[in-house]
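J.: There's a structure below that I have some questions on.
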Amino acid sequence: MTTDGKKINKYLNRLKRGDRCFDELMKCSMGYVGYVVYKNLVDKSFFGDAVSETYRNVVRYICTLDTSGNPLGWLCKIAQNEAYKINKREQKREEVGIEDVRDNCITHDTTERVLEAVDLYRALDRLDETDRRVIEYIFFEDKSHKEISEELHISIGDVAYRKKSALKKLLNFMSD
């Protein structure tokens, strides 16, 4: 588990014991909660509501936290459930039944994937603008080198070079 994941677990355990560490918990967990809410929320205009309600529920249900289990997974599950509640309320969930999706519990593996995804986005933010856009176009928008070169007004060779160097930088950033 990453350092952030360990900190979040520590703050959740402290919060359950009655320590006043809610602000610290929010600071180190906001990226993870935000990521889970964003990925599960259909109408992104309710993002702030879902995150706020997630933290209200953390305080409301902290006594149910099993500290021997996966505290970060517990937090992510609250965020996921909050997004689903809003989706259901707004009747925006398409084709997939809420109960079917809700039954997929957040396991330790899922939590690790969330942590890795947040780490990736943080690493992407550390790249310079052109390198980041090259990576986003290639891997998230499935654009060709030619399309990227036209979009960014750089040569095709420069696109290939930037892709290779940006991937090396990402690996270094994520291993820090």
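Convention: chains lettered A, B, ... in structure tokens order; per-chain residue numbering from 1; ligands numbered from 1 as shown.
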What's the 6 Å shell around region 155-157 of chain A, counting only C-alpha atoms, without same-chain residues fewer than 2 positions away, as a PDB file with N, CA, C and O atoms, in the first residue's frame?
T.:
ATOM      1  N   HIS A 145      -0.169   9.066 -33.953  1.00  0.00           N
ATOM      2  CA  HIS A 145       0.945  10.012 -33.887  1.00  0.00           C
ATOM      3  C   HIS A 145       0.701  11.173 -34.849  1.00  0.00           C
ATOM      4  O   HIS A 145       1.015  12.327 -34.537  1.00  0.00           O
ATOM      5  N   LYS A 146       0.145  10.873 -36.009  1.00  0.00           N
ATOM      6  CA  LYS A 146      -0.115  11.910 -37.006  1.00  0.00           C
ATOM      7  C   LYS A 146      -1.144  12.913 -36.488  1.00  0.00           C
ATOM      8  O   LYS A 146      -0.956  14.129 -36.616  1.00  0.00           O
ATOM      9  N   SER A 149       0.490  15.057 -33.851  1.00  0.00           N
ATOM     10  CA  SER A 149       1.434  16.036 -34.409  1.00  0.00           C
ATOM     11  C   SER A 149       0.681  17.226 -35.001  1.00  0.00           C
ATOM     12  O   SER A 149       1.119  18.368 -34.868  1.00  0.00           O
ATOM     13  N   VAL A 159       6.614  13.545 -31.568  1.00  0.00           N
ATOM     14  CA  VAL A 159       5.549  12.863 -30.824  1.00  0.00           C
ATOM     15  C   VAL A 159       6.095  11.544 -30.262  1.00  0.00           C
ATOM     16  O   VAL A 159       5.922  11.233 -29.084  1.00  0.00           O
ATOM     17  N   ALA A 160       6.773  10.766 -31.109  1.00  0.00           N
ATOM     18  CA  ALA A 160       7.324   9.474 -30.681  1.00  0.00           C
ATOM     19  C   ALA A 160       8.366   9.672 -29.570  1.00  0.00           C
ATOM     20  O   ALA A 160       8.386   8.929 -28.578  1.00  0.00           O
TER      21      ALA A 160
END
J.: Would you pick out the contacts of Glu90 (chain A) at 10 Å or less, using only C-alpha atoms, so that residues sharing its chain but fewer than 5 positions from it are not included, and give the list as a PyMOL selection string?
T.: chain A and resi 42-43+46+84-85
J.: Please write the residues from the selection above to a file, keeping C-alpha atoms, as a short mmCIF file (atom, residue, chain, number, x, y, z; two decimals), in the first residue's frame.
T.:
data_model
loop_
_atom_site.label_atom_id
_atom_site.label_comp_id
_atom_site.auth_asym_id
_atom_site.auth_seq_id
_atom_site.Cartn_x
_atom_site.Cartn_y
_atom_site.Cartn_z
CA VAL A 42 -23.16 9.78 -14.06
CA ASP A 43 -23.96 13.49 -13.79
CA PHE A 46 -23.32 16.47 -8.42
CA TYR A 84 -24.87 5.47 -6.68
CA LYS A 85 -27.46 7.09 -4.39
#
J.: Name all residues at most 8 Å from Pro71 (chain A) (count only C-alpha atoms; drop same-chain ones fewer than 6 positions away) and give them as a VMD selection string.
T.: chain A and resid 8 to 9 12 to 13 65
J.: What does the structure give for the distance between CA of Val134 (chain A) and CA of Leu152 (chain A), in Å to one decimal?
T.: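 Going from CA of Val134 (chain A) over to CA of Leu152 (chain A) covers 8.5 Å.
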J.: Counting only C-alpha atoms, which residue out of A:Ile154, A:Ile148, A:Ala79, A:Ala123 sits closest to Leu170 (chain A)?
T.: A:Ala123
J.: Excluding Lys164 (chain A) and its own-chain neighbours fewer than 5 positions away, which residues fall within 10 Å of it when counting only C-alpha atoms? Please give them as a PDB file with N, CA, C and O atoms, in the first residue's frame.
T.:
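The resulting out-v8.pdb:
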ATOM      1  N   ASP A 131       4.235  17.019 -23.060  1.00  0.00           N
ATOM      2  CA  ASP A 131       4.408  15.587 -22.784  1.00  0.00           C
ATOM      3  C   ASP A 131       3.119  14.981 -22.225  1.00  0.00           C
ATOM      4  O   ASP A 131       2.698  13.898 -22.629  1.00  0.00           O
ATOM      5  N   ILE A 135       0.770  11.948 -23.960  1.00  0.00           N
ATOM      6  CA  ILE A 135       0.363  10.718 -23.259  1.00  0.00           C
ATOM      7  C   ILE A 135      -1.163  10.603 -23.205  1.00  0.00           C
ATOM      8  O   ILE A 135      -1.721   9.535 -23.469  1.00  0.00           O
ATOM      9  N   ASP A 158       8.835  13.942 -33.166  1.00  0.00           N
ATOM     10  CA  ASP A 158       8.811  14.565 -31.849  1.00  0.00           C
ATOM     11  C   ASP A 158       7.729  13.932 -30.966  1.00  0.00           C
ATOM     12  O   ASP A 158       7.925  13.747 -29.762  1.00  0.00           O
ATOM     13  N   VAL A 159       6.614  13.545 -31.568  1.00  0.00           N
ATOM     14  CA  VAL A 159       5.549  12.863 -30.824  1.00  0.00           C
ATOM     15  C   VAL A 159       6.095  11.544 -30.262  1.00  0.00           C
ATOM     16  O   VAL A 159       5.922  11.233 -29.084  1.00  0.00           O
ATOM     17  N   LYS A 169       9.624   9.187 -17.599  1.00  0.00           N
ATOM     18  CA  LYS A 169       9.410  10.120 -16.495  1.00  0.00           C
ATOM     19  C   LYS A 169       8.270   9.628 -15.578  1.00  0.00           C
ATOM     20  O   LYS A 169       8.379   9.686 -14.360  1.00  0.00           O
TER      21      LYS A 169
END
J.: What separation in Å, quoted to one decimal, exists between CA of Ser144 (chain A) and CA of Lys44 (chain A)?
T.: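 Value for the CA of Ser144 (chain A)-CA of Lys44 (chain A) distance: 28.6 Å.
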J.: Which of these residues is nearest to Val58 (chain A), using only C-alpha atoms: A:Lys39, A:Arg132, A:Lys77, A:His153?
T.: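 Checking each candidate against Val58 (chain A), we get A:Lys77 as the closest.
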J.: Quick one: everything within 9 Å of region 23-37 of chain A, counting only C-alpha atoms, minus sequence neighbours fewer than 3 positions away in the same chain. Send it as a PyMOL selection string.
T.: chain A and resi 4-5+7-12+15+20+40-41+44+47-48+50-51+54-55+72+75-84+114-115+117-118
J.: Which parts of chain A does DSSP call alpha helix (DSSP H) when run on the backbone here, written out as a CSV table (one decimal) with C-alpha atoms, in the first residue's frame?
T.:
chain,number,residue,atom,x,y,z
A,3,THR,CA,2.2,6.0,1.9
A,4,ASP,CA,-1.0,7.9,1.4
A,5,GLY,CA,-3.1,4.8,1.8
A,6,LYS,CA,-1.3,4.0,5.1
A,7,LYS,CA,-1.9,7.6,6.3
A,8,ILE,CA,-5.6,7.4,5.5
A,9,ASN,CA,-5.9,4.1,7.3
A,10,LYS,CA,-4.1,5.7,10.3
A,11,TYR,CA,-6.4,8.7,10.4
A,12,LEU,CA,-9.5,6.5,10.0
A,13,ASN,CA,-8.4,4.4,13.0
A,14,ARG,CA,-7.6,7.5,15.0
A,15,LEU,CA,-11.0,9.0,14.1
A,16,LYS,CA,-12.7,5.8,15.3
A,22,PHE,CA,-10.9,14.9,10.5
A,23,ASP,CA,-9.1,17.8,8.6
A,24,GLU,CA,-6.0,15.6,8.2
A,25,LEU,CA,-8.1,12.7,6.9
A,26,MET,CA,-9.8,15.0,4.4
A,27,LYS,CA,-6.5,16.4,3.2
A,28,CYS,CA,-4.9,13.1,2.5
A,29,SER,CA,-8.0,11.2,1.2
A,30,MET,CA,-9.7,13.8,-1.0
A,31,GLY,CA,-7.9,12.6,-4.1
A,32,TYR,CA,-9.1,9.0,-3.5
A,33,VAL,CA,-12.6,9.9,-2.6
A,34,GLY,CA,-12.8,12.3,-5.5
A,35,TYR,CA,-11.6,9.7,-7.9
A,36,VAL,CA,-14.1,7.1,-6.8
A,37,VAL,CA,-17.0,9.5,-6.9
A,38,TYR,CA,-16.0,10.9,-10.3
A,39,LYS,CA,-15.7,7.4,-11.8
A,40,ASN,CA,-19.1,6.3,-10.5
A,47,PHE,CA,-19.6,15.8,-7.7
A,48,GLY,CA,-19.3,18.3,-4.8
A,49,ASP,CA,-22.5,17.0,-3.2
A,50,ALA,CA,-21.3,13.4,-3.4
A,51,VAL,CA,-17.9,14.2,-1.9
A,52,SER,CA,-19.5,16.3,0.9
A,53,GLU,CA,-22.0,13.6,1.7
A,54,THR,CA,-19.2,11.0,1.7
A,55,TYR,CA,-17.4,12.8,4.5
A,56,ARG,CA,-20.6,13.3,6.5
A,57,ASN,CA,-21.2,9.5,6.3
A,58,VAL,CA,-17.6,8.8,7.4
A,59,VAL,CA,-18.3,10.7,10.6
A,60,ARG,CA,-21.8,9.2,10.9
A,61,TYR,CA,-20.7,5.6,10.4
A,71,PRO,CA,-10.2,1.1,6.2
A,72,LEU,CA,-9.4,2.8,2.9
A,73,GLY,CA,-11.6,0.3,1.1
A,74,TRP,CA,-14.4,1.2,3.6
A,75,LEU,CA,-13.9,4.9,2.8
A,76,CYS,CA,-14.0,4.2,-1.0
A,77,LYS,CA,-17.1,2.1,-0.6
A,78,ILE,CA,-18.9,5.0,1.2
A,79,ALA,CA,-17.9,7.3,-1.7
A,80,GLN,CA,-19.0,4.7,-4.3
A,81,ASN,CA,-22.4,4.3,-2.5
A,82,GLU,CA,-22.9,8.0,-2.3
A,83,ALA,CA,-22.4,8.3,-6.1
A,84,TYR,CA,-24.9,5.5,-6.7
A,85,LYS,CA,-27.5,7.1,-4.4
A,86,ILE,CA,-27.2,10.3,-6.4
A,87,ASN,CA,-27.4,8.4,-9.7
A,88,LYS,CA,-30.5,6.6,-8.5
A,89,ARG,CA,-32.1,9.8,-7.1
A,90,GLU,CA,-31.5,11.5,-10.4
A,98,ILE,CA,-28.1,0.1,-9.3
A,99,GLU,CA,-28.3,-3.0,-7.1
A,100,ASP,CA,-26.3,-5.1,-9.5
A,101,VAL,CA,-23.5,-2.6,-9.6
A,102,ARG,CA,-23.7,-1.9,-5.9
A,108,HIS,CA,-8.2,-4.8,-1.3
A,109,ASP,CA,-7.3,-5.2,-5.0
A,110,THR,CA,-9.8,-2.5,-6.0
A,111,THR,CA,-8.4,-0.2,-3.4
A,112,GLU,CA,-4.9,-0.8,-4.8
A,113,ARG,CA,-6.1,0.0,-8.3
A,114,VAL,CA,-7.7,3.3,-7.0
A,115,LEU,CA,-4.4,4.2,-5.3
A,116,GLU,CA,-2.4,3.4,-8.5
A,117,ALA,CA,-4.8,5.4,-10.6
A,118,VAL,CA,-4.5,8.4,-8.3
A,119,ASP,CA,-0.7,8.0,-8.3
A,120,LEU,CA,-0.8,8.0,-12.1
A,121,TYR,CA,-2.8,11.2,-12.3
A,122,ARG,CA,-0.5,12.9,-9.9
A,123,ALA,CA,2.5,11.7,-12.0
A,124,LEU,CA,0.8,13.0,-15.1
A,125,ASP,CA,0.4,16.4,-13.5
A,126,ARG,CA,4.2,16.5,-13.0
A,129,GLU,CA,2.2,20.3,-20.7
A,130,THR,CA,3.2,18.9,-24.2
A,131,ASP,CA,4.4,15.6,-22.8
A,132,ARG,CA,1.2,15.2,-20.7
A,133,ARG,CA,-1.0,16.0,-23.7
A,134,VAL,CA,0.9,13.4,-25.9
A,135,ILE,CA,0.4,10.7,-23.3
A,145,HIS,CA,0.9,10.0,-33.9
A,146,LYS,CA,-0.1,11.9,-37.0
A,147,GLU,CA,-3.3,13.3,-35.4
A,148,ILE,CA,-1.2,14.4,-32.3
A,149,SER,CA,1.4,16.0,-34.4
A,150,GLU,CA,-1.3,18.1,-36.2
A,151,GLU,CA,-3.0,18.9,-33.0
A,152,LEU,CA,0.1,20.0,-31.1
A,156,ILE,CA,5.6,13.0,-35.8
A,157,GLY,CA,9.2,12.1,-34.7
A,158,ASP,CA,8.8,14.6,-31.8
A,159,VAL,CA,5.5,12.9,-30.8
A,160,ALA,CA,7.3,9.5,-30.7
A,161,TYR,CA,10.3,11.0,-28.7
A,162,ARG,CA,8.0,12.8,-26.3
A,163,LYS,CA,5.9,9.6,-25.7
A,164,LYS,CA,9.0,7.6,-24.9
A,165,SER,CA,10.6,10.2,-22.6
A,166,ALA,CA,7.3,10.9,-20.9
A,167,LEU,CA,6.7,7.2,-20.2
A,168,LYS,CA,10.2,7.0,-18.6
A,169,LYS,CA,9.4,10.1,-16.5
A,170,LEU,CA,6.1,8.6,-15.4
A,171,LEU,CA,7.7,5.5,-14.2
A,172,ASN,CA,10.3,7.5,-12.3
A,173,PHE,CA,7.6,9.7,-10.7
A,174,MET,CA,5.5,6.7,-9.7
A,175,SER,CA,8.4,4.9,-8.1
J.: Please indicate the distance in Å from CA of Ser45 (chain A) to CA of Cys21 (chain A), rounded to one decimal place.
T.: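 One can read the CA of Ser45 (chain A) to CA of Cys21 (chain A) distance as 28.8 Å.
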